[in-house]
>>> print(open('my_file-v2.csv').read())   # CSV, C-alpha atoms (C1' of nucleotides)
chain,number,residue,atom,x,y,z
A,1,MET,CA,142.9,87.7,98.6
A,2,VAL,CA,145.2,90.3,99.9
A,3,ASP,CA,145.7,89.3,103.5
A,4,ARG,CA,145.7,92.4,105.6
A,5,PRO,CA,146.1,92.5,109.3
A,6,SER,CA,142.6,93.1,110.7
A,7,LEU,CA,141.5,96.6,111.6
A,8,SER,CA,141.5,97.7,115.2
A,9,LYS,CA,138.5,99.5,116.5
A,10,GLY,CA,140.0,103.0,116.2
A,11,GLU,CA,141.3,102.2,112.7
A,12,MET,CA,137.8,101.3,111.7
A,13,GLU,CA,136.4,104.6,112.7
A,14,ILE,CA,139.0,106.4,110.5
A,15,ALA,CA,138.6,104.0,107.6
A,16,ARG,CA,134.9,104.8,107.7
A,17,LEU,CA,135.7,108.5,107.3
A,18,LEU,CA,137.7,107.7,104.2
A,19,TRP,CA,134.9,105.7,102.7
A,20,ASP,CA,132.4,108.5,103.5
A,21,VAL,CA,134.3,111.5,102.4
A,22,GLY,CA,136.6,110.0,99.8
A,23,PRO,CA,140.3,110.9,99.6
A,24,ALA,CA,141.1,113.2,102.4
A,25,THR,CA,143.9,115.0,104.0
A,26,VAL,CA,144.5,114.5,107.7
A,27,ARG,CA,142.6,117.7,108.4
A,28,GLN,CA,139.7,116.7,106.3
A,29,ALA,CA,139.4,113.3,108.0
A,30,PHE,CA,139.9,115.0,111.4
A,31,GLU,CA,137.0,117.4,110.6
A,32,ALA,CA,134.8,114.7,109.3
A,33,GLN,CA,134.7,113.1,112.7
A,34,PRO,CA,131.2,112.8,114.1
A,35,GLU,CA,130.5,115.1,117.0
A,36,GLY,CA,130.9,113.6,120.4
A,37,ARG,CA,133.8,111.5,119.2
A,38,GLU,CA,136.7,113.8,118.4
A,39,MET,CA,140.2,112.3,118.5
A,40,ASP,CA,143.2,114.5,118.4
A,41,PHE,CA,144.5,115.7,115.0
A,42,THR,CA,147.7,113.7,115.4
A,43,THR,CA,145.8,110.6,116.5
A,44,VAL,CA,143.8,110.7,113.3
A,45,GLN,CA,147.1,111.1,111.5
A,46,THR,CA,148.6,108.1,113.3
A,47,TYR,CA,145.6,106.0,112.3
A,48,LEU,CA,145.8,107.1,108.7
A,49,ARG,CA,149.5,106.1,108.7
A,50,ARG,CA,148.6,102.8,110.2
A,51,LEU,CA,145.8,102.2,107.7
A,52,GLU,CA,148.3,102.7,105.0
A,53,LYS,CA,150.9,100.4,106.5
A,54,LYS,CA,148.2,97.7,106.9
A,55,GLY,CA,147.2,98.1,103.3
A,56,TYR,CA,143.8,99.6,103.8
A,57,ALA,CA,144.8,103.0,102.4
A,58,SER,CA,147.2,104.6,100.2
A,59,SER,CA,148.5,108.1,100.1
A,60,LYS,CA,150.3,110.6,98.0
A,61,LEU,CA,151.7,114.1,98.5
A,62,ASP,CA,149.7,116.8,96.8
A,63,GLY,CA,152.1,119.7,97.2
A,64,ARG,CA,152.9,119.6,100.9
A,65,LEU,CA,149.6,117.9,101.8
A,66,ARG,CA,149.4,114.2,102.1
A,67,VAL,CA,146.2,112.9,100.8
A,68,TYR,CA,144.9,109.5,101.9
A,69,SER,CA,142.6,107.3,99.9
A,70,ALA,CA,140.8,104.1,100.8
A,71,ARG,CA,142.4,101.2,99.2
A,72,ALA,CA,140.0,98.4,100.3
A,73,ARG,CA,136.4,98.7,99.6
A,74,ALA,CA,134.0,99.2,102.5
A,75,ARG,CA,132.0,96.2,101.5
A,76,THR,CA,135.0,93.9,101.6
A,77,VAL,CA,136.3,95.2,104.9
A,78,ILE,CA,132.8,95.0,106.4
A,79,ARG,CA,132.5,91.4,105.3
A,80,GLU,CA,135.8,90.5,106.8
A,81,THR,CA,135.2,92.2,110.0
A,82,VAL,CA,131.7,90.9,110.5
A,83,ASP,CA,132.7,87.4,109.5
A,84,ASP,CA,135.4,87.4,112.1
A,85,LEU,CA,133.0,88.6,114.8
A,86,VAL,CA,130.4,86.0,113.8
A,87,LEU,CA,133.0,83.3,113.9
A,88,ARG,CA,134.2,84.3,117.4
A,89,LEU,CA,131.0,85.2,119.0
A,90,PHE,CA,128.5,83.0,117.3
A,91,GLY,CA,130.6,80.1,116.1
A,92,GLY,CA,130.2,81.1,112.5
A,93,GLU,CA,126.4,81.3,112.4
A,94,LYS,CA,125.1,84.6,111.1
A,95,LEU,CA,121.4,84.0,111.9
A,96,PRO,CA,121.8,84.5,115.6
A,97,LEU,CA,123.4,87.8,115.0
A,98,VAL,CA,120.6,89.0,112.7
A,99,ARG,CA,118.1,87.7,115.3
A,100,HIS,CA,119.9,89.7,118.0
A,101,LEU,CA,119.8,92.8,115.9
A,102,ILE,CA,116.1,92.7,115.2
A,103,GLU,CA,114.9,91.2,118.5
A,104,ASP,CA,117.2,92.6,121.1
A,105,THR,CA,117.7,96.2,120.0
A,106,ASP,CA,115.4,99.1,119.6
A,107,ILE,CA,115.0,98.7,115.9
A,108,GLY,CA,112.3,101.0,114.6
A,109,ALA,CA,109.0,100.0,113.0
A,110,ASP,CA,110.0,101.6,109.7
A,111,GLU,CA,113.2,99.7,109.7
A,112,LEU,CA,111.3,96.5,110.3
A,113,ALA,CA,109.1,97.3,107.4
A,114,GLU,CA,112.1,97.9,105.2
A,115,LEU,CA,113.6,94.6,106.2
A,116,ARG,CA,110.3,92.9,105.4
A,117,LYS,CA,110.3,94.3,101.9
A,118,LEU,CA,114.0,93.5,101.4
A,119,ILE,CA,113.4,89.9,102.4
A,120,ALA,CA,110.3,89.7,100.2
A,121,LYS,CA,112.3,91.0,97.3
A,122,LEU,CA,115.2,88.5,97.8
A,123,GLU,CA,112.8,85.6,98.1
A,124,LYS,CA,111.1,86.6,94.9
A,125,GLU,CA,114.4,86.9,93.1
A,126,ARG,CA,115.4,83.5,94.3
A,127,SER,CA,112.5,81.7,93.0
B,1,MET,CA,125.9,99.1,134.8
B,2,VAL,CA,129.1,97.2,135.5
B,3,ASP,CA,131.6,98.8,133.3
B,4,ARG,CA,133.9,96.1,132.1
B,5,PRO,CA,136.8,96.5,129.7
B,6,SER,CA,135.6,95.1,126.4
B,7,LEU,CA,136.5,91.6,125.3
B,8,SER,CA,139.3,91.0,122.9
B,9,LYS,CA,138.7,88.6,120.1
B,10,GLY,CA,140.4,85.7,121.7
B,11,GLU,CA,138.6,86.3,125.0
B,12,MET,CA,135.3,86.2,123.1
B,13,GLU,CA,136.0,82.7,121.9
B,14,ILE,CA,136.6,81.5,125.3
B,15,ALA,CA,133.7,83.3,126.8
B,16,ARG,CA,131.5,81.6,124.3
B,17,LEU,CA,132.7,78.2,125.5
B,18,LEU,CA,131.7,79.1,129.0
B,19,TRP,CA,128.3,80.1,127.9
B,20,ASP,CA,127.9,76.9,125.9
B,21,VAL,CA,129.2,74.3,128.3
B,22,GLY,CA,128.5,76.1,131.5
B,23,PRO,CA,131.0,76.2,134.4
B,24,ALA,CA,134.1,74.5,133.3
B,25,THR,CA,137.7,73.7,134.3
B,26,VAL,CA,140.5,74.8,132.0
B,27,ARG,CA,140.6,71.4,130.5
B,28,GLN,CA,136.9,71.3,129.8
B,29,ALA,CA,137.1,74.6,128.1
B,30,PHE,CA,140.2,73.5,126.3
B,31,GLU,CA,138.3,70.4,125.0
B,32,ALA,CA,135.2,72.3,124.1
B,33,GLN,CA,137.1,74.2,121.5
B,34,PRO,CA,135.8,73.7,118.0
B,35,GLU,CA,137.9,71.7,115.7
B,36,GLY,CA,140.1,73.7,113.5
B,37,ARG,CA,140.7,76.2,116.1
B,38,GLU,CA,142.7,74.8,119.0
B,39,MET,CA,144.7,77.0,121.2
B,40,ASP,CA,147.2,75.7,123.6
B,41,PHE,CA,145.9,74.5,127.0
B,42,THR,CA,147.8,77.3,128.8
B,43,THR,CA,146.5,79.9,126.3
B,44,VAL,CA,143.0,78.9,127.2
B,45,GLN,CA,144.0,79.1,130.9
B,46,THR,CA,145.4,82.6,130.4
B,47,TYR,CA,142.2,83.7,128.7
B,48,LEU,CA,140.1,82.4,131.5
B,49,ARG,CA,142.2,84.2,134.0
B,50,ARG,CA,141.8,87.4,132.0
B,51,LEU,CA,138.1,86.9,131.7
B,52,GLU,CA,137.9,86.7,135.4
B,53,LYS,CA,140.1,89.8,135.9
B,54,LYS,CA,137.9,91.7,133.5
B,55,GLY,CA,134.8,90.7,135.4
B,56,TYR,CA,133.3,88.4,132.7
B,57,ALA,CA,133.9,85.2,134.7
B,58,SER,CA,134.4,84.0,138.3
B,59,SER,CA,136.1,81.0,139.5
B,60,LYS,CA,136.4,78.8,142.6
B,61,LEU,CA,138.6,76.0,143.5
B,62,ASP,CA,136.9,72.6,143.6
B,63,GLY,CA,139.4,70.4,145.2
B,64,ARG,CA,142.5,71.3,143.3
B,65,LEU,CA,140.6,72.1,140.1
B,66,ARG,CA,139.7,75.6,139.4
B,67,VAL,CA,136.3,76.0,137.9
B,68,TYR,CA,135.3,79.0,135.8
B,69,SER,CA,131.8,80.2,135.4
B,70,ALA,CA,130.4,83.0,133.2
B,71,ARG,CA,129.5,86.0,135.2
B,72,ALA,CA,128.1,88.2,132.4
B,73,ARG,CA,125.2,86.9,130.4
B,74,ALA,CA,125.8,86.2,126.7
B,75,ARG,CA,123.0,88.4,125.6
B,76,THR,CA,124.5,91.4,127.5
B,77,VAL,CA,128.0,90.9,126.2
B,78,ILE,CA,126.7,90.4,122.7
B,79,ARG,CA,124.8,93.6,122.9
B,80,GLU,CA,127.7,95.5,124.1
B,81,THR,CA,130.0,94.0,121.5
B,82,VAL,CA,127.7,94.5,118.6
B,83,ASP,CA,126.8,98.0,119.7
B,84,ASP,CA,130.4,98.9,119.7
B,85,LEU,CA,131.0,97.5,116.3
B,86,VAL,CA,127.9,99.2,114.9
B,87,LEU,CA,129.1,102.4,116.3
B,88,ARG,CA,132.5,102.2,114.8
B,89,LEU,CA,131.8,100.6,111.5
B,90,PHE,CA,128.3,101.9,110.7
B,91,GLY,CA,128.2,105.2,112.7
B,92,GLY,CA,125.6,103.7,115.0
B,93,GLU,CA,123.1,102.5,112.5
B,94,LYS,CA,122.1,98.9,112.8
B,95,LEU,CA,120.1,98.6,109.7
B,96,PRO,CA,123.1,98.6,107.4
B,97,LEU,CA,124.6,95.8,109.3
B,98,VAL,CA,121.4,93.8,109.0
B,99,ARG,CA,121.3,94.6,105.4
B,100,HIS,CA,124.8,93.4,104.9
B,101,LEU,CA,124.0,90.2,106.7
B,102,ILE,CA,121.1,89.3,104.5
B,103,GLU,CA,122.2,90.7,101.2
B,104,ASP,CA,126.0,90.3,101.1
B,105,THR,CA,126.3,86.9,102.7
B,106,ASP,CA,125.3,83.5,101.6
B,107,ILE,CA,122.3,83.3,103.9
B,108,GLY,CA,120.1,80.4,103.2
B,109,ALA,CA,116.5,80.3,101.9
B,110,ASP,CA,115.3,78.7,105.1
B,111,GLU,CA,117.0,81.3,107.1
B,112,LEU,CA,115.4,84.0,105.1
B,113,ALA,CA,112.0,82.4,105.7
B,114,GLU,CA,112.7,82.3,109.4
B,115,LEU,CA,113.5,85.9,109.4
B,116,ARG,CA,110.4,86.8,107.5
B,117,LYS,CA,108.3,85.0,110.1
B,118,LEU,CA,110.2,86.7,112.9
B,119,ILE,CA,109.6,90.1,111.5
B,120,ALA,CA,105.9,89.3,110.9
B,121,LYS,CA,105.6,88.3,114.5
B,122,LEU,CA,107.3,91.3,115.8
B,123,GLU,CA,105.2,93.6,113.7
B,124,LYS,CA,102.0,91.9,114.8
B,125,GLU,CA,103.1,92.3,118.5
B,126,ARG,CA,103.7,95.9,118.0
B,127,SER,CA,100.4,96.8,116.7
C,1,DA,C1',161.3,140.6,107.6
C,2,DA,C1',159.6,138.6,111.8
C,3,DT,C1',156.2,135.9,113.8
C,4,DT,C1',152.5,132.7,113.9
C,5,DT,C1',150.1,128.8,111.9
C,6,DA,C1',149.7,124.4,109.9
C,7,DC,C1',151.4,120.4,108.6
C,8,DA,C1',154.6,116.0,107.9
C,9,DC,C1',157.1,112.9,110.2
C,10,DG,C1',159.4,110.5,113.8
C,11,DT,C1',159.0,109.0,118.3
C,12,DA,C1',156.9,107.7,122.7
C,13,DC,C1',154.8,105.0,126.1
C,14,DG,C1',151.8,102.4,129.2
C,15,DG,C1',148.5,99.0,128.7
C,16,DA,C1',146.3,95.2,126.0
C,17,DT,C1',146.8,91.0,123.2
C,18,DG,C1',148.1,86.5,121.5
C,19,DT,C1',150.6,83.0,122.6
C,20,DA,C1',152.9,80.4,125.4
C,21,DC,C1',156.9,78.3,128.9
C,22,DG,C1',158.7,77.0,133.5
C,23,DT,C1',158.2,75.6,138.2
C,24,DG,C1',156.0,73.6,142.0
C,25,DT,C1',153.0,70.2,143.7
C,26,DA,C1',149.1,66.8,144.3
C,27,DC,C1',147.5,62.6,142.7
C,28,DA,C1',147.9,58.3,140.0
C,29,DA,C1',150.4,54.4,138.2
C,30,DG,C1',153.8,51.1,138.8
D,1,DC,C1',158.2,54.5,147.6
D,2,DT,C1',159.4,56.3,143.0
D,3,DT,C1',158.2,58.3,138.8
D,4,DG,C1',155.1,60.2,135.6
D,5,DT,C1',150.9,63.1,134.8
D,6,DA,C1',148.0,66.9,135.2
D,7,DC,C1',147.1,71.0,136.8
D,8,DA,C1',147.7,75.9,139.2
D,9,DC,C1',150.1,79.8,139.0
D,10,DG,C1',153.5,83.1,137.9
D,11,DT,C1',156.0,84.9,134.3
D,12,DA,C1',157.4,86.2,129.6
D,13,DC,C1',157.6,88.6,125.5
D,14,DA,C1',157.0,90.5,121.0
D,15,DT,C1',153.5,93.2,118.9
D,16,DC,C1',149.5,96.0,118.7
D,17,DC,C1',146.6,99.8,120.3
D,18,DG,C1',145.1,104.2,121.9
D,19,DT,C1',146.6,108.4,122.3
D,20,DA,C1',149.5,111.7,121.7
D,21,DC,C1',154.1,115.0,121.9
D,22,DG,C1',158.2,117.2,119.8
D,23,DT,C1',160.8,119.0,116.0
D,24,DG,C1',161.5,120.8,111.6
D,25,DT,C1',159.8,123.5,107.9
D,26,DA,C1',156.7,125.7,104.5
D,27,DA,C1',153.0,128.9,104.1
D,28,DA,C1',150.2,132.7,105.8
D,29,DT,C1',149.7,136.7,108.6
D,30,DT,C1',151.3,141.0,110.6
>>> encode(input="my_file-v2.csv", output="structure tokens")
Amino acid sequence: MVDRPSLSKGEMEIARLLWDVGPATVRQAFEAQPEGREMDFTTVQTYLRRLEKKGYASSKLDGRLRVYSARARARTVIRETVDDLVLRLFGGEKLPLVRHLIEDTDIGADELAELRKLIAKLEKERS
Amino acid sequence: MVDRPSLSKGEMEIARLLWDVGPATVRQAFEAQPEGREMDFTTVQTYLRRLEKKGYASSKLDGRLRVYSARARARTVIRETVDDLVLRLFGGEKLPLVRHLIEDTDIGADELAELRKLIAKLEKERS
DNA sequence: AATTTACACGTACGGATGTACGTGTACAAG
DNA sequence: CTTGTACACGTACATCCGTACGTGTAAATT
């Protein structure tokens, strides 16, 4: 419904932090970054500002600390993002992407098993 | 190996045309565009030029026509692109993306069945 | 009280992106 | 031969992106 500009790659990383840790100050988001991928404090700050401007987050001052909260649900954003990728890279067909993921990547045996169960469950539900 | 700058969204669409129709002139790529998504002739031209500059395509003059060919295989580019997305949006875990694709999208019953068979085959191969 | 620390907020800046236009020229149509 | 058509190639340009720096100020430390 709400038509937001799409997320850039860097913005995605920060949005994910917000979804994971919930409402967060710049520092909390900064510190929630996975190791091996640390952007500068002010870079995180810029991304949070941009997320808000694009409508993906909102913020309020708590004392002198600004607290950012996700405003779009992860599921929604993931759908939009993946749909866009599927459209551009696979002409809109999702199956080739799924096939790529399970055939061309080092997906584990346990993950395969989980998928098998998930599919079985879905198929059962649908009948 | 070759470290290319990643593809932008628009570039992906044009790269896909090259993979689909094989070596193509600007016009051929232009005309291979799916309906409902037609960029300007010169926009396609610009993207082809940029694909070449980034190392994803090569070109040669055939008479006075410039013919572009894909230089990176679709599979490789797809892997790079999807890996990047998975990293940024799912922290590197592929399973959540697969789960999203089969749970949160309108995947068809026949596609589900196909996946079930694919998984069965893979599991058999691995044992 | 003086100094350091931590933050908010504005600003910056080169390169990427999406989207084309203009000019020159070879070939085709008349 | 003249005029239109199609294409190559250079250029453009606003906006976005990644990545920060600088300045002002409130809170904490010495």
>>> interface_residues(input="my_file-v2.csv", of="chain A", to="chain C", cutoff="12 Å", atoms="all atoms listed in the file", output="ChimeraX atom specification")
/A:8,25-27,41-42,45-46,49,61,63-67
>>> write_last_selection(input="my_file-v2.csv", atoms="C-alpha atoms", output="compact mmCIF listing (two decimals), in the coordinates of the input")
# COMPACT_ATOMS: atom_id res chain seq x y z
CA SER A 8 141.50 97.70 115.20
CA THR A 25 143.90 115.00 104.00
CA VAL A 26 144.50 114.50 107.70
CA ARG A 27 142.60 117.70 108.40
CA PHE A 41 144.50 115.70 115.00
CA THR A 42 147.70 113.70 115.40
CA GLN A 45 147.10 111.10 111.50
CA THR A 46 148.60 108.10 113.30
CA ARG A 49 149.50 106.10 108.70
CA LEU A 61 151.70 114.10 98.50
CA GLY A 63 152.10 119.70 97.20
CA ARG A 64 152.90 119.60 100.90
CA LEU A 65 149.60 117.90 101.80
CA ARG A 66 149.40 114.20 102.10
CA VAL A 67 146.20 112.90 100.80
>>> interface_residues(input="my_file-v2.csv", of="chain D", to="chain A", cutoff="9 Å", atoms="all atoms listed in the file", output="list in words")
DC16, DC17, DG18, DT19, DA20 and DA26 of chain D
>>> write_last_selection(input="my_file-v2.csv", atoms="C-alpha atoms (C1' of nucleotides)", output="short mmCIF file (atom, residue, chain, number, x, y, z; two decimals), in the frame of the given file")
data_model
loop_
_atom_site.label_atom_id
_atom_site.label_comp_id
_atom_site.auth_asym_id
_atom_site.auth_seq_id
_atom_site.Cartn_x
_atom_site.Cartn_y
_atom_site.Cartn_z
"C1'" DC D 16 149.50 96.00 118.70
"C1'" DC D 17 146.60 99.80 120.30
"C1'" DG D 18 145.10 104.20 121.90
"C1'" DT D 19 146.60 108.40 122.30
"C1'" DA D 20 149.50 111.70 121.70
"C1'" DA D 26 156.70 125.70 104.50
#
>>> closest_atom_pairs(input="my_file-v2.csv", of="chain B", to="chain A", cutoff="10 Å", atoms="all atoms listed in the file", output="CSV")
residue,atom,partner,partner_atom,distance
B:Lys9,CA,A:Arg88,CA,6.8
B:Gly10,CA,A:Arg88,CA,7.7
B:Glu11,CA,A:Arg88,CA,9.0
B:Met12,CA,A:Leu89,CA,6.0
B:Glu13,CA,A:Arg88,CA,5.1
B:Ile14,CA,A:Arg88,CA,8.7
B:Ala15,CA,A:Leu89,CA,8.5
B:Arg16,CA,A:Leu89,CA,6.4
B:Leu17,CA,A:Leu89,CA,9.7
B:Pro34,CA,A:Gly91,CA,8.5
B:Ala74,CA,A:Leu89,CA,9.3
B:Arg75,CA,A:His100,CA,8.3
B:Thr76,CA,A:Asp104,CA,9.8
B:Val77,CA,A:Leu89,CA,9.7
B:Ile78,CA,A:Leu89,CA,7.7
B:Arg79,CA,A:Asp104,CA,7.9
B:Thr81,CA,A:Leu85,CA,9.1
B:Val82,CA,A:Leu101,CA,8.5
B:Asp83,CA,A:Thr105,CA,9.3
B:Asp84,CA,A:Lys9,CA,8.7
B:Leu85,CA,A:Lys9,CA,7.8
B:Leu87,CA,A:Glu13,CA,8.4
B:Arg88,CA,A:Glu13,CA,5.0
B:Leu89,CA,A:Met12,CA,6.0
B:Phe90,CA,A:Arg16,CA,7.8
B:Gly91,CA,A:Glu13,CA,8.2
B:Glu93,CA,A:Ile107,CA,9.6
B:Lys94,CA,A:Leu101,CA,7.2
B:Leu95,CA,A:Glu111,CA,7.0
B:Leu97,CA,A:Val98,CA,8.6
B:Val98,CA,A:Val98,CA,6.1
B:Arg99,CA,A:Leu115,CA,7.7
B:His100,CA,A:Arg79,CA,8.0
B:Leu101,CA,A:Val98,CA,7.0
B:Ile102,CA,A:Ile119,CA,8.0
B:Glu103,CA,A:Leu122,CA,8.1
B:Asp104,CA,A:Arg79,CA,7.8
B:Thr105,CA,A:Arg79,CA,8.1
B:Asp106,CA,A:Lys94,CA,9.6
B:Ile107,CA,A:Lys94,CA,7.8
B:Gly108,CA,A:Leu95,CA,9.5
B:Ala109,CA,A:Glu123,CA,7.5
B:Glu111,CA,A:Leu95,CA,7.0
B:Leu112,CA,A:Ile119,CA,6.8
B:Ala113,CA,A:Glu123,CA,8.3
B:Glu114,CA,A:Leu95,CA,9.2
B:Leu115,CA,A:Arg99,CA,7.7
B:Arg116,CA,A:Arg116,CA,6.5
B:Lys117,CA,A:Arg116,CA,9.4
B:Leu118,CA,A:Arg99,CA,8.3
B:Ile119,CA,A:Leu112,CA,6.7
B:Ala120,CA,A:Arg116,CA,7.9
B:Leu122,CA,A:Glu103,CA,8.1
B:Glu123,CA,A:Ala109,CA,7.5
B:Arg126,CA,A:Ala109,CA,8.4
B:Ser127,CA,A:Ala109,CA,9.9
>>> atom_distance(input="my_file-v2.csv", atom1="atom CA of B:Ala24", atom2="atom CA of B:Arg71")
12.5 Å
>>> calpha_fit_and_write(input="my_file-v2.csv", fixed="chain A", moving="chain B", output="CSV table (one decimal) with C-alpha atoms, keeping the file's coordinate frame")
chain,number,residue,atom,x,y,z
B,1,MET,CA,142.9,87.7,98.3
B,2,VAL,CA,145.1,90.4,99.8
B,3,ASP,CA,145.6,89.3,103.3
B,4,ARG,CA,145.6,92.3,105.5
B,5,PRO,CA,146.0,92.4,109.2
B,6,SER,CA,142.5,93.1,110.6
B,7,LEU,CA,141.5,96.6,111.6
B,8,SER,CA,141.5,97.7,115.2
B,9,LYS,CA,138.5,99.5,116.5
B,10,GLY,CA,140.0,102.9,116.2
B,11,GLU,CA,141.3,102.2,112.7
B,12,MET,CA,137.8,101.3,111.7
B,13,GLU,CA,136.5,104.7,112.7
B,14,ILE,CA,139.0,106.4,110.5
B,15,ALA,CA,138.5,104.0,107.7
B,16,ARG,CA,134.9,104.8,107.7
B,17,LEU,CA,135.7,108.5,107.3
B,18,LEU,CA,137.7,107.8,104.2
B,19,TRP,CA,134.9,105.8,102.7
B,20,ASP,CA,132.4,108.6,103.5
B,21,VAL,CA,134.3,111.7,102.4
B,22,GLY,CA,136.5,110.1,99.9
B,23,PRO,CA,140.3,110.9,99.6
B,24,ALA,CA,141.1,113.3,102.4
B,25,THR,CA,144.0,115.1,104.1
B,26,VAL,CA,144.6,114.5,107.8
B,27,ARG,CA,142.7,117.6,108.5
B,28,GLN,CA,139.7,116.7,106.4
B,29,ALA,CA,139.5,113.4,108.1
B,30,PHE,CA,140.1,115.1,111.5
B,31,GLU,CA,137.1,117.4,110.7
B,32,ALA,CA,134.9,114.7,109.4
B,33,GLN,CA,134.8,113.1,112.8
B,34,PRO,CA,131.4,112.9,114.3
B,35,GLU,CA,130.6,115.1,117.1
B,36,GLY,CA,131.1,113.5,120.4
B,37,ARG,CA,133.9,111.6,119.3
B,38,GLU,CA,136.9,113.7,118.5
B,39,MET,CA,140.4,112.3,118.6
B,40,ASP,CA,143.4,114.5,118.5
B,41,PHE,CA,144.6,115.6,115.1
B,42,THR,CA,147.8,113.6,115.4
B,43,THR,CA,145.9,110.5,116.6
B,44,VAL,CA,143.9,110.7,113.4
B,45,GLN,CA,147.2,111.1,111.5
B,46,THR,CA,148.7,108.1,113.2
B,47,TYR,CA,145.6,106.0,112.3
B,48,LEU,CA,145.9,107.0,108.7
B,49,ARG,CA,149.5,106.1,108.6
B,50,ARG,CA,148.6,102.7,110.1
B,51,LEU,CA,145.8,102.2,107.7
B,52,GLU,CA,148.2,102.7,104.9
B,53,LYS,CA,150.8,100.4,106.4
B,54,LYS,CA,148.2,97.7,106.8
B,55,GLY,CA,147.2,98.1,103.2
B,56,TYR,CA,143.7,99.6,103.8
B,57,ALA,CA,144.7,103.1,102.4
B,58,SER,CA,147.2,104.7,100.1
B,59,SER,CA,148.5,108.2,100.1
B,60,LYS,CA,150.3,110.7,97.9
B,61,LEU,CA,151.7,114.0,98.5
B,62,ASP,CA,149.7,116.9,96.8
B,63,GLY,CA,152.0,119.8,97.2
B,64,ARG,CA,152.9,119.5,100.8
B,65,LEU,CA,149.6,117.9,101.8
B,66,ARG,CA,149.4,114.3,102.1
B,67,VAL,CA,146.2,112.9,100.8
B,68,TYR,CA,144.8,109.5,101.9
B,69,SER,CA,142.5,107.4,99.9
B,70,ALA,CA,140.8,104.1,100.8
B,71,ARG,CA,142.3,101.2,99.1
B,72,ALA,CA,140.0,98.5,100.3
B,73,ARG,CA,136.3,98.8,99.6
B,74,ALA,CA,133.9,99.2,102.5
B,75,ARG,CA,131.9,96.3,101.6
B,76,THR,CA,134.9,94.0,101.6
B,77,VAL,CA,136.2,95.2,104.9
B,78,ILE,CA,132.8,95.0,106.4
B,79,ARG,CA,132.5,91.4,105.3
B,80,GLU,CA,135.7,90.5,106.7
B,81,THR,CA,135.1,92.3,110.0
B,82,VAL,CA,131.6,90.9,110.5
B,83,ASP,CA,132.7,87.4,109.5
B,84,ASP,CA,135.3,87.5,112.1
B,85,LEU,CA,133.0,88.6,114.8
B,86,VAL,CA,130.4,86.0,113.8
B,87,LEU,CA,133.0,83.4,114.0
B,88,ARG,CA,134.1,84.3,117.4
B,89,LEU,CA,130.9,85.3,119.1
B,90,PHE,CA,128.4,83.1,117.3
B,91,GLY,CA,130.5,80.1,116.2
B,92,GLY,CA,130.0,81.1,112.6
B,93,GLU,CA,126.3,81.4,112.5
B,94,LYS,CA,124.9,84.6,111.2
B,95,LEU,CA,121.4,84.1,111.9
B,96,PRO,CA,121.8,84.6,115.6
B,97,LEU,CA,123.4,87.9,115.0
B,98,VAL,CA,120.5,89.0,112.8
B,99,ARG,CA,118.1,87.8,115.4
B,100,HIS,CA,119.8,89.8,118.0
B,101,LEU,CA,119.7,92.8,115.8
B,102,ILE,CA,116.0,92.7,115.3
B,103,GLU,CA,114.8,91.3,118.5
B,104,ASP,CA,117.2,92.7,121.2
B,105,THR,CA,117.6,96.2,119.9
B,106,ASP,CA,115.3,99.1,119.6
B,107,ILE,CA,114.9,98.8,115.8
B,108,GLY,CA,112.2,100.9,114.5
B,109,ALA,CA,108.9,99.9,112.9
B,110,ASP,CA,109.9,101.5,109.6
B,111,GLU,CA,113.1,99.6,109.7
B,112,LEU,CA,111.3,96.4,110.3
B,113,ALA,CA,109.1,97.2,107.3
B,114,GLU,CA,112.1,97.8,105.1
B,115,LEU,CA,113.5,94.6,106.1
B,116,ARG,CA,110.4,92.7,105.4
B,117,LYS,CA,110.3,94.2,101.9
B,118,LEU,CA,114.0,93.3,101.4
B,119,ILE,CA,113.5,89.7,102.4
B,120,ALA,CA,110.4,89.5,100.1
B,121,LYS,CA,112.4,90.7,97.2
B,122,LEU,CA,115.2,88.4,97.9
B,123,GLU,CA,113.0,85.5,98.1
B,124,LYS,CA,111.2,86.4,94.9
B,125,GLU,CA,114.6,86.7,93.1
B,126,ARG,CA,115.6,83.3,94.3
B,127,SER,CA,112.7,81.5,93.0
>>> atom_distance(input="my_file-v2.csv", atom1="atom CA of A:Gly92", atom2="atom CA of B:Pro23")
22.5 Å
>>> atom_distance(input="my_file-v2.csv", atom1="atom C1' of D:DA14", atom2="atom CA of A:Pro5")
16.1 Å
